[in-house]
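Coordinates from input_18.cif are shown below (mmCIF, C-alpha atoms).
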data_entry
#
loop_
_atom_site.label_atom_id
_atom_site.label_comp_id
_atom_site.auth_asym_id
_atom_site.auth_seq_id
_atom_site.Cartn_x
_atom_site.Cartn_y
_atom_site.Cartn_z
CA MET N 1 43.56 4.42 -41.28
CA ASN N 2 44.89 1.56 -39.20
CA ILE N 3 43.20 -1.66 -38.21
CA GLU N 4 42.29 -0.50 -34.73
CA THR N 5 40.15 2.42 -35.80
CA GLN N 6 38.56 0.23 -38.43
CA THR N 7 37.36 -2.33 -35.91
CA HIS N 8 36.24 0.54 -33.72
CA ASN N 9 34.25 1.96 -36.64
CA TYR N 10 32.65 -1.38 -37.29
CA THR N 11 31.53 -1.68 -33.67
CA VAL N 12 29.78 1.68 -33.89
CA VAL N 13 28.17 0.78 -37.22
CA VAL N 14 26.98 -2.60 -35.96
CA LEU N 15 25.59 -1.13 -32.74
CA SER N 16 23.70 1.52 -34.68
CA PHE N 17 22.17 -1.16 -36.88
CA VAL N 18 21.14 -3.19 -33.83
CA VAL N 19 19.31 -0.14 -32.47
CA ALA N 20 17.71 0.46 -35.87
CA MET N 21 16.46 -3.12 -35.97
CA CYS N 22 14.96 -2.77 -32.52
CA LEU N 23 13.10 0.29 -33.79
CA SER N 24 12.00 -1.54 -36.89
CA VAL N 25 10.31 -4.31 -34.90
CA TYR N 26 8.95 -1.99 -32.20
CA PRO N 27 5.28 -2.90 -31.91
CA LEU N 28 2.97 -0.30 -33.41
CA PRO N 29 -0.82 -0.27 -33.65
CA ASP N 30 -2.06 -1.76 -36.90
CA SER N 31 -3.18 1.54 -38.38
CA TRP N 32 0.24 3.08 -37.76
CA GLN N 33 2.24 0.30 -39.37
CA TRP N 34 2.56 2.18 -42.66
CA PHE N 35 4.03 5.22 -40.92
CA ARG N 36 7.11 3.50 -39.61
CA PRO N 37 10.25 4.96 -41.18
CA GLU N 38 12.63 2.43 -42.70
CA PHE N 39 15.28 2.94 -40.02
CA VAL N 40 17.66 0.32 -41.35
CA ALA N 41 17.53 1.72 -44.88
CA LEU N 42 18.13 5.22 -43.52
CA LEU N 43 21.17 4.00 -41.63
CA VAL N 44 22.52 2.24 -44.71
CA ILE N 45 22.21 5.52 -46.60
CA TYR N 46 23.88 7.37 -43.76
CA TRP N 47 26.82 5.01 -43.34
CA VAL N 48 27.44 4.58 -47.05
CA THR N 49 27.57 8.34 -47.38
CA ALA N 50 29.77 8.75 -44.32
CA LEU N 51 32.15 5.79 -44.75
CA PRO N 52 31.86 4.80 -48.43
CA HIS N 53 35.09 2.81 -48.34
CA GLN N 54 34.08 0.66 -45.40
CA VAL N 55 30.32 0.34 -45.70
CA GLY N 56 29.15 -0.73 -49.09
CA ILE N 57 26.98 -3.18 -50.93
CA LEU N 58 28.33 -6.23 -49.10
CA THR N 59 27.62 -4.65 -45.71
CA ALA N 60 24.13 -3.77 -46.91
CA PHE N 61 23.60 -7.37 -47.97
CA ILE N 62 24.67 -8.73 -44.58
CA VAL N 63 22.60 -6.15 -42.74
CA GLY N 64 19.63 -7.05 -44.93
CA LEU N 65 20.00 -10.73 -44.07
CA ALA N 66 20.17 -9.81 -40.39
CA GLN N 67 17.05 -7.70 -40.75
CA ASP N 68 15.21 -10.55 -42.46
CA ILE N 69 16.09 -12.84 -39.61
CA VAL N 70 15.04 -10.33 -36.99
CA GLU N 71 11.79 -9.43 -38.70
CA LEU N 72 11.19 -13.11 -39.55
CA SER N 73 10.44 -12.19 -43.14
CA VAL N 74 11.50 -14.18 -46.19
CA ILE N 75 15.29 -14.50 -46.13
CA GLY N 76 16.79 -12.22 -48.75
CA LEU N 77 13.88 -9.79 -48.92
CA HIS N 78 15.49 -6.88 -47.12
CA ALA N 79 18.91 -7.94 -48.37
CA LEU N 80 17.72 -7.27 -51.91
CA CYS N 81 16.16 -3.92 -51.00
CA LEU N 82 19.17 -2.71 -49.06
CA VAL N 83 21.62 -3.81 -51.76
CA ALA N 84 19.66 -1.69 -54.23
CA VAL N 85 19.73 1.29 -51.88
CA ALA N 86 23.44 0.84 -51.16
CA TYR N 87 24.23 0.59 -54.85
CA PHE N 88 22.61 3.91 -55.69
CA CYS N 89 24.18 5.42 -52.60
CA VAL N 90 27.68 4.33 -53.55
CA LEU N 91 27.16 5.88 -56.96
CA SER N 92 25.99 9.20 -55.60
CA TYR N 93 27.50 9.76 -52.16
CA GLN N 94 29.81 12.53 -53.34
CA ARG N 95 26.87 14.54 -54.56
CA ILE N 96 24.67 13.85 -51.54
CA ARG N 97 27.31 15.19 -49.20
CA SER N 98 27.26 18.57 -50.87
CA TYR N 99 23.48 18.86 -50.94
CA ALA N 100 21.44 21.00 -48.61
CA LEU N 101 19.42 19.16 -46.01
CA TRP N 102 16.10 19.40 -47.82
CA GLN N 103 17.69 18.24 -51.05
CA GLN N 104 19.13 15.29 -49.19
CA SER N 105 15.67 14.54 -47.85
CA LEU N 106 14.33 14.51 -51.39
CA TRP N 107 17.06 12.12 -52.44
CA VAL N 108 16.37 9.94 -49.42
CA PHE N 109 12.75 9.82 -50.49
CA VAL N 110 13.82 8.50 -53.87
CA LEU N 111 16.17 5.93 -52.32
CA THR N 112 13.71 4.63 -49.73
CA GLY N 113 11.09 4.70 -52.47
CA ILE N 114 13.31 2.33 -54.47
CA HIS N 115 13.66 0.26 -51.30
CA GLN N 116 9.88 0.08 -50.97
CA VAL N 117 9.34 -0.75 -54.64
CA PHE N 118 11.78 -3.65 -54.37
CA TRP N 119 10.18 -4.71 -51.10
CA ASN N 120 6.68 -4.66 -52.56
CA TRP N 121 7.82 -6.55 -55.63
CA ALA N 122 9.68 -9.24 -53.68
CA GLN N 123 6.74 -9.48 -51.29
CA SER N 124 4.49 -10.40 -54.19
CA PHE N 125 6.31 -13.74 -54.60
CA SER N 126 5.21 -15.00 -51.24
CA GLY N 127 1.95 -13.34 -50.49
CA PRO N 128 -0.16 -10.27 -50.82
CA ASN N 129 1.46 -7.07 -51.96
CA SER N 130 0.00 -3.64 -51.61
CA ASP N 131 -2.51 -2.85 -54.34
CA SER N 132 -2.40 0.90 -53.77
CA LEU N 133 0.50 3.31 -53.57
CA MET N 134 0.29 2.96 -49.79
CA PHE N 135 3.58 1.08 -49.80
CA LEU N 136 5.38 4.35 -50.56
CA THR N 137 4.23 5.92 -47.29
CA PRO N 138 7.26 4.64 -45.35
CA ALA N 139 9.47 6.33 -47.95
CA LEU N 140 7.74 9.63 -47.32
CA VAL N 141 8.00 9.25 -43.56
CA SER N 142 11.65 8.24 -43.91
CA ALA N 143 12.38 11.37 -45.96
CA VAL N 144 10.75 13.51 -43.29
CA MET N 145 12.77 11.69 -40.62
CA TRP N 146 16.06 12.07 -42.49
CA PRO N 147 17.17 15.40 -40.91
CA VAL N 148 16.55 13.95 -37.44
CA ILE N 149 18.46 10.76 -38.26
CA LEU N 150 21.27 12.77 -39.80
CA ILE N 151 21.65 15.05 -36.78
CA VAL N 152 21.49 12.16 -34.31
CA MET N 153 23.92 10.05 -36.29
CA GLU N 154 26.36 12.91 -36.82
CA TRP N 155 26.32 13.46 -33.08
CA VAL N 156 26.92 9.76 -32.47
CA ARG N 157 29.65 9.63 -35.09
CA ILE N 158 31.52 12.60 -33.67
CA ARG N 159 31.12 11.43 -30.08
CA THR N 160 32.47 7.99 -30.94
CA HIS N 161 35.35 9.48 -32.99
CA VAL N 162 34.47 7.77 -36.22
CA ARG N 163 36.19 9.87 -38.86
CA GLN N 164 34.43 10.70 -42.05
CA TYR N 165 36.68 10.73 -45.05
CA MET I 1 22.11 -13.42 -54.96
CA ALA I 2 19.48 -11.95 -52.69
CA LEU I 3 16.90 -12.76 -55.31
CA VAL I 4 18.09 -16.37 -55.43
CA LEU I 5 17.70 -16.53 -51.65
CA ILE I 6 14.17 -15.13 -51.83
CA LEU I 7 13.15 -17.64 -54.46
CA LEU I 8 14.80 -20.49 -52.57
CA GLY I 9 13.04 -19.45 -49.40
CA ASN I 10 9.69 -19.15 -51.11
CA TYR I 11 9.56 -22.21 -53.28
CA THR I 12 11.73 -24.76 -51.50
CA SER I 13 12.32 -25.74 -47.92
CA VAL I 14 16.12 -25.66 -48.15
CA LEU I 15 16.36 -22.60 -45.96
CA ASP I 16 13.86 -23.72 -43.33
CA PRO I 17 16.35 -25.28 -40.88
CA ILE I 18 18.64 -22.26 -41.16
CA ARG I 19 15.70 -20.00 -40.59
CA SER I 20 14.52 -21.75 -37.47
CA LYS I 21 18.06 -21.81 -36.06
CA LEU I 22 18.78 -18.18 -36.78
CA GLY I 23 15.32 -17.16 -35.71
CA VAL I 24 16.51 -17.47 -32.12
CA VAL I 25 18.44 -14.28 -32.74
CA SER I 26 15.22 -12.40 -33.31
CA THR I 27 13.72 -13.34 -29.94
CA PRO I 28 15.80 -10.88 -27.88
CA PHE I 29 14.84 -8.05 -30.25
CA TYR I 30 11.16 -8.63 -29.63
CA TRP I 31 11.86 -9.04 -25.95
CA VAL I 32 13.65 -5.68 -25.84
CA THR I 33 11.00 -3.82 -27.81
CA ASN I 34 8.37 -5.30 -25.54
CA ILE I 35 9.95 -3.72 -22.46
CA PRO I 36 8.09 -0.37 -22.68
CA SER I 37 4.69 -2.01 -22.66
CA ARG I 38 5.76 -4.26 -19.82
CA VAL I 39 6.93 -1.26 -17.87
CA SER I 40 3.62 0.51 -18.46
CA ASP I 41 1.78 -2.63 -17.38
CA TRP I 42 3.89 -2.84 -14.29
CA ALA I 43 3.41 0.86 -13.57
CA SER I 44 -0.34 0.74 -13.95
CA GLU I 45 -0.34 -2.22 -11.57
CA ARG I 46 1.89 -0.50 -9.06
CA PHE I 47 0.43 2.96 -9.12
CA ALA I 48 -3.23 2.06 -9.37
CA SER I 49 -5.22 3.78 -6.67
CA LYS I 50 -6.75 1.69 -3.94
CA ALA I 51 -10.27 2.71 -4.90
CA LYS I 52 -9.67 1.54 -8.44
CA VAL I 53 -8.29 -1.77 -7.30
CA LEU I 54 -11.27 -2.30 -5.00
CA GLU I 55 -13.65 -1.41 -7.79
CA GLU I 56 -11.95 -3.83 -10.13
CA ASN I 57 -12.01 -6.47 -7.44
CA ALA I 58 -15.74 -6.04 -6.95
CA LYS I 59 -16.30 -6.26 -10.67
CA LEU I 60 -14.24 -9.41 -10.96
CA ARG I 61 -16.11 -10.98 -8.05
CA GLU I 62 -19.37 -10.26 -9.80
CA GLU I 63 -18.08 -11.79 -13.00
CA LEU I 64 -16.81 -14.80 -11.13
CA LEU I 65 -20.22 -15.33 -9.60
CA ILE I 66 -21.89 -15.20 -13.00
CA HIS I 67 -19.40 -17.61 -14.46
CA LYS I 68 -19.71 -19.97 -11.52
CA ARG I 69 -23.44 -20.13 -12.02
CA ARG I 70 -22.89 -20.94 -15.69
CA LEU I 71 -20.41 -23.59 -14.70
CA GLN I 72 -22.96 -25.27 -12.43
CA GLN I 73 -25.21 -25.67 -15.43
CA MET I 74 -22.22 -26.69 -17.51
CA ALA I 75 -21.63 -29.77 -15.40
CA SER I 76 -25.12 -31.08 -16.03
CA ILE I 77 -25.06 -30.09 -19.68
CA TYR I 78 -21.71 -31.76 -20.08
CA ALA I 79 -23.01 -34.95 -18.51
CA GLU I 80 -26.10 -34.83 -20.67
CA ASN I 81 -24.02 -34.27 -23.74
CA ILE I 82 -21.77 -37.22 -23.05
CA HIS I 83 -24.83 -39.34 -22.42
CA LEU I 84 -26.37 -38.29 -25.72
CA GLN I 85 -23.13 -38.93 -27.53
CA GLN I 86 -22.96 -42.39 -26.05
CA LEU I 87 -26.49 -42.99 -27.23
CA MET I 88 -25.44 -41.94 -30.70
CA ASN I 89 -22.35 -44.14 -30.56
CA SER I 90 -20.30 -41.07 -31.23
CA SER I 91 -16.59 -40.94 -30.56
CA GLU I 92 -15.38 -39.80 -27.20
CA THR I 93 -15.02 -36.13 -26.41
CA LEU I 94 -11.65 -34.66 -27.00
CA LYS I 95 -9.66 -33.27 -24.15
CA GLU I 96 -7.98 -29.99 -24.74
CA ARG I 97 -5.12 -28.52 -22.82
CA VAL I 98 -4.38 -24.84 -22.91
CA ALA I 99 -1.28 -22.84 -22.13
CA VAL I 100 -1.25 -19.14 -21.37
CA THR I 101 1.01 -17.16 -23.64
CA GLU I 102 1.95 -13.54 -23.98
CA LEU I 103 2.09 -11.56 -27.18
CA THR I 104 5.59 -10.12 -27.38
CA GLY I 105 5.54 -8.48 -30.76
CA VAL I 106 3.76 -7.58 -33.93
CA SER I 107 5.18 -8.38 -37.33
CA PRO I 108 6.60 -5.15 -38.79
CA ASP I 109 5.17 -6.01 -42.18
CA PRO I 110 2.10 -3.79 -42.59
CA LEU I 111 0.51 -6.17 -45.07
CA ALA I 112 0.49 -9.18 -42.79
CA HIS I 113 -1.49 -9.67 -39.62
CA VAL I 114 1.08 -11.71 -37.77
CA VAL I 115 1.95 -11.52 -34.09
CA ILE I 116 4.81 -13.05 -32.17
CA ILE I 117 4.15 -14.99 -28.97
CA ASP I 118 6.57 -15.97 -26.23
CA LYS I 119 6.17 -19.75 -26.51
CA GLY I 120 8.02 -21.89 -29.01
CA SER I 121 9.06 -25.41 -29.85
CA ASN I 122 10.68 -25.72 -26.42
CA HIS I 123 7.19 -25.39 -24.94
CA GLY I 124 5.64 -27.90 -27.34
CA VAL I 125 4.07 -25.42 -29.73
CA TYR I 126 3.43 -26.83 -33.21
CA VAL I 127 2.50 -25.35 -36.57
CA GLY I 128 -1.23 -25.05 -37.05
CA GLN I 129 -1.97 -24.73 -33.37
CA PRO I 130 -4.98 -22.51 -32.61
CA LEU I 131 -4.64 -19.41 -30.47
CA VAL I 132 -7.67 -18.04 -28.64
CA ASP I 133 -8.26 -15.18 -26.27
CA ALA I 134 -11.04 -14.67 -23.74
CA ASP I 135 -13.57 -13.70 -26.41
CA GLY I 136 -12.84 -15.86 -29.39
CA LEU I 137 -10.47 -17.36 -31.88
CA MET I 138 -7.41 -15.29 -32.72
CA GLY I 139 -5.44 -17.28 -35.24
CA GLN I 140 -3.06 -20.14 -35.81
CA VAL I 141 0.66 -20.73 -35.42
CA ILE I 142 2.48 -20.56 -38.75
CA GLU I 143 6.10 -20.78 -37.71
CA VAL I 144 7.73 -22.19 -34.61
CA LEU I 145 11.10 -21.04 -33.29
CA PRO I 146 12.73 -22.40 -30.13
CA PHE I 147 11.48 -19.64 -27.80
CA SER I 148 8.84 -17.84 -29.81
CA SER I 149 6.38 -18.47 -32.61
CA ARG I 150 4.60 -16.51 -35.26
CA VAL I 151 0.84 -16.56 -35.24
CA MET I 152 -1.24 -15.54 -38.23
CA LEU I 153 -4.43 -13.80 -37.17
CA ILE I 154 -7.72 -14.80 -38.74
CA THR I 155 -7.99 -11.36 -40.36
CA ASP I 156 -4.82 -11.75 -42.43
CA SER I 157 -5.68 -11.50 -46.09
CA SER I 158 -4.23 -14.94 -46.76
CA HIS I 159 -6.17 -16.68 -44.01
CA ALA I 160 -9.49 -18.45 -44.28
CA LEU I 161 -11.27 -20.84 -41.98
CA SER I 162 -14.39 -22.93 -42.03
CA VAL I 163 -17.11 -21.60 -39.74
CA GLN I 164 -20.70 -22.43 -38.97
CA VAL I 165 -23.58 -20.30 -37.83
CA ASN I 166 -24.19 -21.09 -34.19
CA ARG I 167 -27.98 -20.71 -34.60
CA ASN I 168 -28.56 -23.29 -37.32
CA GLY I 169 -25.28 -24.92 -38.26
CA VAL I 170 -24.99 -23.36 -41.74
CA ARG I 171 -21.39 -23.74 -42.81
CA THR I 172 -19.42 -21.13 -44.71
CA ILE I 173 -15.86 -19.93 -45.07
CA ALA I 174 -14.66 -16.85 -43.23
CA GLU I 175 -11.83 -15.09 -44.96
CA GLY I 176 -9.58 -12.33 -43.72
CA VAL I 177 -9.38 -9.21 -45.83
CA GLY I 178 -6.43 -7.49 -44.18
CA ASP I 179 -8.56 -5.40 -41.85
CA LEU I 180 -8.44 -6.17 -38.13
CA TYR I 181 -12.16 -5.62 -37.69
CA THR I 182 -13.56 -7.45 -40.70
CA LEU I 183 -13.96 -10.99 -41.93
CA GLU I 184 -15.75 -11.80 -45.14
CA LEU I 185 -17.88 -14.87 -45.70
CA ARG I 186 -17.32 -16.47 -49.07
CA TYR I 187 -19.78 -18.34 -51.26
CA VAL I 188 -22.93 -17.59 -49.31
CA SER I 189 -25.84 -18.05 -51.68
CA SER I 190 -28.77 -15.68 -51.33
CA THR I 191 -31.11 -18.35 -50.01
CA VAL I 192 -29.00 -19.23 -47.01
CA ASP I 193 -30.53 -18.49 -43.63
CA ILE I 194 -28.09 -16.02 -42.18
CA GLU I 195 -28.90 -12.85 -40.28
CA GLU I 196 -27.12 -9.89 -38.84
CA GLY I 197 -25.95 -10.64 -35.32
CA ASP I 198 -25.50 -14.35 -35.96
CA LEU I 199 -22.65 -15.90 -34.03
CA LEU I 200 -20.10 -17.72 -36.16
CA GLU I 201 -18.07 -20.48 -34.56
CA THR I 202 -15.39 -22.82 -35.79
CA SER I 203 -16.92 -25.83 -37.48
CA GLY I 204 -14.07 -28.26 -36.94
CA LEU I 205 -13.97 -29.02 -40.65
CA GLY I 206 -10.51 -28.61 -42.05
CA GLN I 207 -9.33 -30.24 -38.84
CA ARG I 208 -7.19 -27.33 -37.88
CA PHE I 209 -9.36 -25.62 -35.32
CA PRO I 210 -11.37 -27.62 -32.81
CA ARG I 211 -15.12 -27.24 -33.16
CA GLY I 212 -17.09 -24.65 -31.31
CA TYR I 213 -14.82 -21.70 -30.66
CA PRO I 214 -16.60 -18.40 -31.28
CA VAL I 215 -15.05 -16.54 -34.21
CA ALA I 216 -17.13 -13.56 -35.24
CA VAL I 217 -20.52 -11.90 -35.29
CA VAL I 218 -22.21 -11.17 -38.61
CA ASP I 219 -22.06 -7.45 -39.24
CA SER I 220 -23.78 -6.75 -42.52
CA ILE I 221 -25.42 -8.66 -45.33
CA VAL I 222 -25.65 -7.10 -48.77
CA HIS I 223 -27.93 -8.72 -51.33
CA ASP I 224 -26.82 -7.72 -54.79
CA PRO I 225 -29.11 -9.26 -57.40
CA GLY I 226 -26.35 -9.00 -59.99
CA LYS I 227 -23.96 -11.15 -57.99
CA PRO I 228 -24.19 -14.91 -57.55
CA PHE I 229 -23.37 -14.69 -53.84
CA VAL I 230 -24.37 -12.50 -50.94
CA ARG I 231 -21.72 -10.24 -49.51
CA VAL I 232 -21.55 -10.96 -45.80
CA THR I 233 -19.09 -9.28 -43.46
CA ALA I 234 -18.47 -10.22 -39.87
CA ARG I 235 -16.62 -8.66 -36.96
CA PRO I 236 -14.12 -10.89 -35.15
CA LEU I 237 -14.93 -11.42 -31.49
CA ALA I 238 -11.34 -11.77 -30.30
CA GLN I 239 -9.65 -8.55 -29.31
CA LEU I 240 -7.11 -8.89 -32.05
CA ASP I 241 -5.49 -5.52 -31.48
CA ARG I 242 -5.76 -5.41 -27.70
CA SER I 243 -5.19 -8.81 -26.17
CA ARG I 244 -1.81 -9.20 -24.50
CA HIS I 245 -2.45 -12.62 -23.10
CA ALA I 246 -3.86 -15.45 -25.11
CA LEU I 247 -4.34 -19.18 -24.80
CA LEU I 248 -2.65 -21.78 -26.96
CA VAL I 249 -4.95 -24.75 -27.40
CA PHE I 250 -3.28 -28.14 -27.50
CA VAL I 251 -5.52 -30.51 -29.36
CA ASP I 252 -4.72 -34.18 -29.11
CA SER I 253 -4.02 -35.04 -32.74
CA ALA I 254 -5.54 -38.51 -32.46
CA ALA I 255 -8.74 -37.13 -31.07
CA SER I 256 -8.99 -34.19 -33.44
CA ALA I 257 -9.16 -36.57 -36.39
CA THR I 258 -12.72 -37.28 -35.33
CA PRO I 259 -14.38 -33.92 -35.46
CA SER I 260 -16.88 -34.22 -32.68
CA GLY I 261 -16.72 -33.14 -29.14
CA VAL I 262 -17.66 -30.64 -26.54
CA GLU I 263 -15.70 -27.50 -25.97
CA ALA I 264 -16.12 -25.90 -22.64
CA ALA I 265 -15.38 -22.51 -24.10
CA SER I 266 -18.45 -22.03 -26.18
CA VAL I 267 -21.33 -24.05 -24.81
CA GLU I 268 -24.11 -21.66 -24.06
CA SER I 269 -27.08 -22.79 -22.10
CA PRO I 270 -30.01 -22.25 -24.43
CA LYS I 271 -32.59 -24.05 -22.31
CA GLY I 272 -31.99 -22.58 -18.91
CA GLU I 273 -31.84 -25.59 -16.63
CA GLY I 274 -30.05 -28.53 -18.15
#
Would you write out, as structure tokens, the structure that this file holds?
Amino acid sequence: MNIETQTHNYTVVVLSFVVAMCLSVYPLPDSWQWFRPEFVALLVIYWVTALPHQVGILTAFIVGLAQDIVELSVIGLHALCLVAVAYFCVLSYQRIRSYALWQQSLWVFVLTGIHQVFWNWAQSFSGPNSDSLMFLTPALVSAVMWPVILIVMEWVRIRTHVRQY
Amino acid sequence: MALVLILLGNYTSVLDPIRSKLGVVSTPFYWVTNIPSRVSDWASERFASKAKVLEENAKLREELLIHKRRLQQMASIYAENIHLQQLMNSSETLKERVAVTELTGVSPDPLAHVVIIDKGSNHGVYVGQPLVDADGLMGQVIEVLPFSSRVMLITDSSHALSVQVNRNGVRTIAEGVGDLYTLELRYVSSTVDIEEGDLLETSGLGQRFPRGYPVAVVDSIVHDPGKPFVRVTARPLAQLDRSRHALLVFVDSAASATPSGVEAASVESPKGEG
């Protein structure tokens, strides 16, 4: 793969993350806040699985920092969560690719669950953390959203000629 | 490394300048995600039927009339108040400026009740500044960026403010519990004269909020003989989940050091003619 397609790939990846961050700060009513899928985490999972040699833990870290800045949360909070997700993803992407869609969803639930556990734990340094298991709701919603994200992202990836390898 | 950053950010202020610089980046995101609601606002303005507009107009005229009448009394009450304060050798009344601001976003963190407004340090906003809407106190600014700021609502579970009962001046502390429709009053002993329906207003103690802004109405009072304090819950008056426009109150810091004064926002006329 030459340099040109690499920069092209990065543009697509960055743009997709920008969209995901818009979605992650999209204003929702207070009672719906828990039902927002973790779009950025889902995209990290997607891109690590699709382009494991280009998108990895470092990318996840940078994306996490960007998300912290956009969401105005404590700097490093999402970076930590996304690094954890990316790490497990890098370890397991070969298996995920061969899974059926529902199995992938299950795995995504575990990964976003890890994301949420880290998030809840890091949140407890600075302020209140969730005292119930409510903080796992976004993981559940993310798992349900995974097929949709996958289909949309596959479409985007093929349309923008980003080659999976 | 991320953990180090989190700890640095939490326990030191090393990252603060970086944060406020980079925070500018976040403003366009909130601006973009705010577009749909702006479009719907615009559409409802554009496509409102004439009958509806006329009806609204009539209603507003009525309201204006009522408020104008109140204002007539206000002038005399205001004069009387100043006179009384002069008699008591009290410090001069503080002047407050307000600026209209628009809520552009809600913090995506489900645990925090934080909103983002479209005014920042370039408009003179400062940390600790009170935000009110038409009905009552909403919250205070906790972080200022160049073109936007974060405002913690009074219902956030880490927020508490000093309030007093409008009827008799009993002072307590109203604490957020993480529910947009509930405040809890702390350390109310069972002998305190407090009733359901009592209006709670800011007491001016703590010197963060100016005195006299309506905060909440007492909802329920539970006497539990086994507990040292009464459990009192109140419902915030501000439309915390609905307001799109709010007012930032600029309090002159020199004047706010002396917690006395008249606030136009909350003076009711208890005696009829002043």
Hey, what's within 7 Å of stretch 135-142 of chain N if we count only C-alpha atoms and toss same-chain stuff fewer than 4 positions away? As a PyMOL selection string, please? chain N and resi 34-38+109+112-113+116+130+146
Exercise for review: With the file shown as input, list the residues that the PyMOL selection byres ((chain N) within 8 of (chain I)) selects, as a ChimeraX atom specification.
Suggested key: /N:21-30,33-34,61,69-72,74-77,79-80,122,125-130
Keeping only C-alpha atoms, write the selected residues to a file as an mmCIF file, keeping the file's coordinate frame.
data_model
loop_
_atom_site.group_PDB
_atom_site.id
_atom_site.type_symbol
_atom_site.label_atom_id
_atom_site.label_comp_id
_atom_site.auth_asym_id
_atom_site.auth_seq_id
_atom_site.Cartn_x
_atom_site.Cartn_y
_atom_site.Cartn_z
ATOM 1 C CA MET N 21 16.460 -3.120 -35.970
ATOM 2 C CA CYS N 22 14.960 -2.770 -32.520
ATOM 3 C CA LEU N 23 13.100 0.290 -33.790
ATOM 4 C CA SER N 24 12.000 -1.540 -36.890
ATOM 5 C CA VAL N 25 10.310 -4.310 -34.900
ATOM 6 C CA TYR N 26 8.950 -1.990 -32.200
ATOM 7 C CA PRO N 27 5.280 -2.900 -31.910
ATOM 8 C CA LEU N 28 2.970 -0.300 -33.410
ATOM 9 C CA PRO N 29 -0.820 -0.270 -33.650
ATOM 10 C CA ASP N 30 -2.060 -1.760 -36.900
ATOM 11 C CA GLN N 33 2.240 0.300 -39.370
ATOM 12 C CA TRP N 34 2.560 2.180 -42.660
ATOM 13 C CA PHE N 61 23.600 -7.370 -47.970
ATOM 14 C CA ILE N 69 16.090 -12.840 -39.610
ATOM 15 C CA VAL N 70 15.040 -10.330 -36.990
ATOM 16 C CA GLU N 71 11.790 -9.430 -38.700
ATOM 17 C CA LEU N 72 11.190 -13.110 -39.550
ATOM 18 C CA VAL N 74 11.500 -14.180 -46.190
ATOM 19 C CA ILE N 75 15.290 -14.500 -46.130
ATOM 20 C CA GLY N 76 16.790 -12.220 -48.750
ATOM 21 C CA LEU N 77 13.880 -9.790 -48.920
ATOM 22 C CA ALA N 79 18.910 -7.940 -48.370
ATOM 23 C CA LEU N 80 17.720 -7.270 -51.910
ATOM 24 C CA ALA N 122 9.680 -9.240 -53.680
ATOM 25 C CA PHE N 125 6.310 -13.740 -54.600
ATOM 26 C CA SER N 126 5.210 -15.000 -51.240
ATOM 27 C CA GLY N 127 1.950 -13.340 -50.490
ATOM 28 C CA PRO N 128 -0.160 -10.270 -50.820
ATOM 29 C CA ASN N 129 1.460 -7.070 -51.960
ATOM 30 C CA SER N 130 0.000 -3.640 -51.610
#
Q.
Applying 7 Å and all atoms listed in the file, which residues near I:Leu205 remain after dropping the ones on its own chain fewer than 2 positions away? List them as a list in words.
A. Ser162, Ser203 and Gln207 of chain I
Separating atom CA of N:Ser124 from atom CA of I:Val114, to the nearest tenth of an Å, is a gap of 16.8 Å
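Coordinates place atom CA of I:Asp133 at a distance of 10.9 Å from atom CA of I:Val98.
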**Asked** Can you tell me, as a list in words, which residues sit within 10 Å of (-4.8, -20.7, -29.4) in the file's frame, using all atoms listed in the file?
**Response**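 Protein and nucleic acid residues near the point are Val98, Ala99, Val100, Thr101, Gly128, Gln129, Pro130, Leu131, Val132, Asp133, Gly136, Leu137, Met138, Gly139, Gln140, Val141, Val151, Phe209, Ala246, Leu247, Leu248, Val249, Phe250 and Val251 of chain I.
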On this structure, which residues satisfy the PyMOL selection byres ((chain N and resi 62) around 12), written as a short mmCIF file (atom, residue, chain, number, x, y, z; two decimals) with C-alpha atoms, keeping the file's coordinate frame?
data_model
loop_
_atom_site.label_atom_id
_atom_site.label_comp_id
_atom_site.auth_asym_id
_atom_site.auth_seq_id
_atom_site.Cartn_x
_atom_site.Cartn_y
_atom_site.Cartn_z
CA VAL N 14 26.98 -2.60 -35.96
CA PHE N 17 22.17 -1.16 -36.88
CA VAL N 40 17.66 0.32 -41.35
CA VAL N 44 22.52 2.24 -44.71
CA VAL N 55 30.32 0.34 -45.70
CA GLY N 56 29.15 -0.73 -49.09
CA ILE N 57 26.98 -3.18 -50.93
CA LEU N 58 28.33 -6.23 -49.10
CA THR N 59 27.62 -4.65 -45.71
CA ALA N 60 24.13 -3.77 -46.91
CA PHE N 61 23.60 -7.37 -47.97
CA VAL N 63 22.60 -6.15 -42.74
CA GLY N 64 19.63 -7.05 -44.93
CA LEU N 65 20.00 -10.73 -44.07
CA ALA N 66 20.17 -9.81 -40.39
CA GLN N 67 17.05 -7.70 -40.75
CA ASP N 68 15.21 -10.55 -42.46
CA ILE N 69 16.09 -12.84 -39.61
CA ILE N 75 15.29 -14.50 -46.13
CA GLY N 76 16.79 -12.22 -48.75
CA LEU N 77 13.88 -9.79 -48.92
CA HIS N 78 15.49 -6.88 -47.12
CA ALA N 79 18.91 -7.94 -48.37
CA LEU N 80 17.72 -7.27 -51.91
CA CYS N 81 16.16 -3.92 -51.00
CA LEU N 82 19.17 -2.71 -49.06
CA VAL N 83 21.62 -3.81 -51.76
CA ALA N 86 23.44 0.84 -51.16
CA MET I 1 22.11 -13.42 -54.96
CA ALA I 2 19.48 -11.95 -52.69
#
| Chain and number of each residue from the PyMOL selection byres ((chain I and resi 217) around 7), as a PyMOL selection string | chain I and resi 197-200+216+218-219+234-237
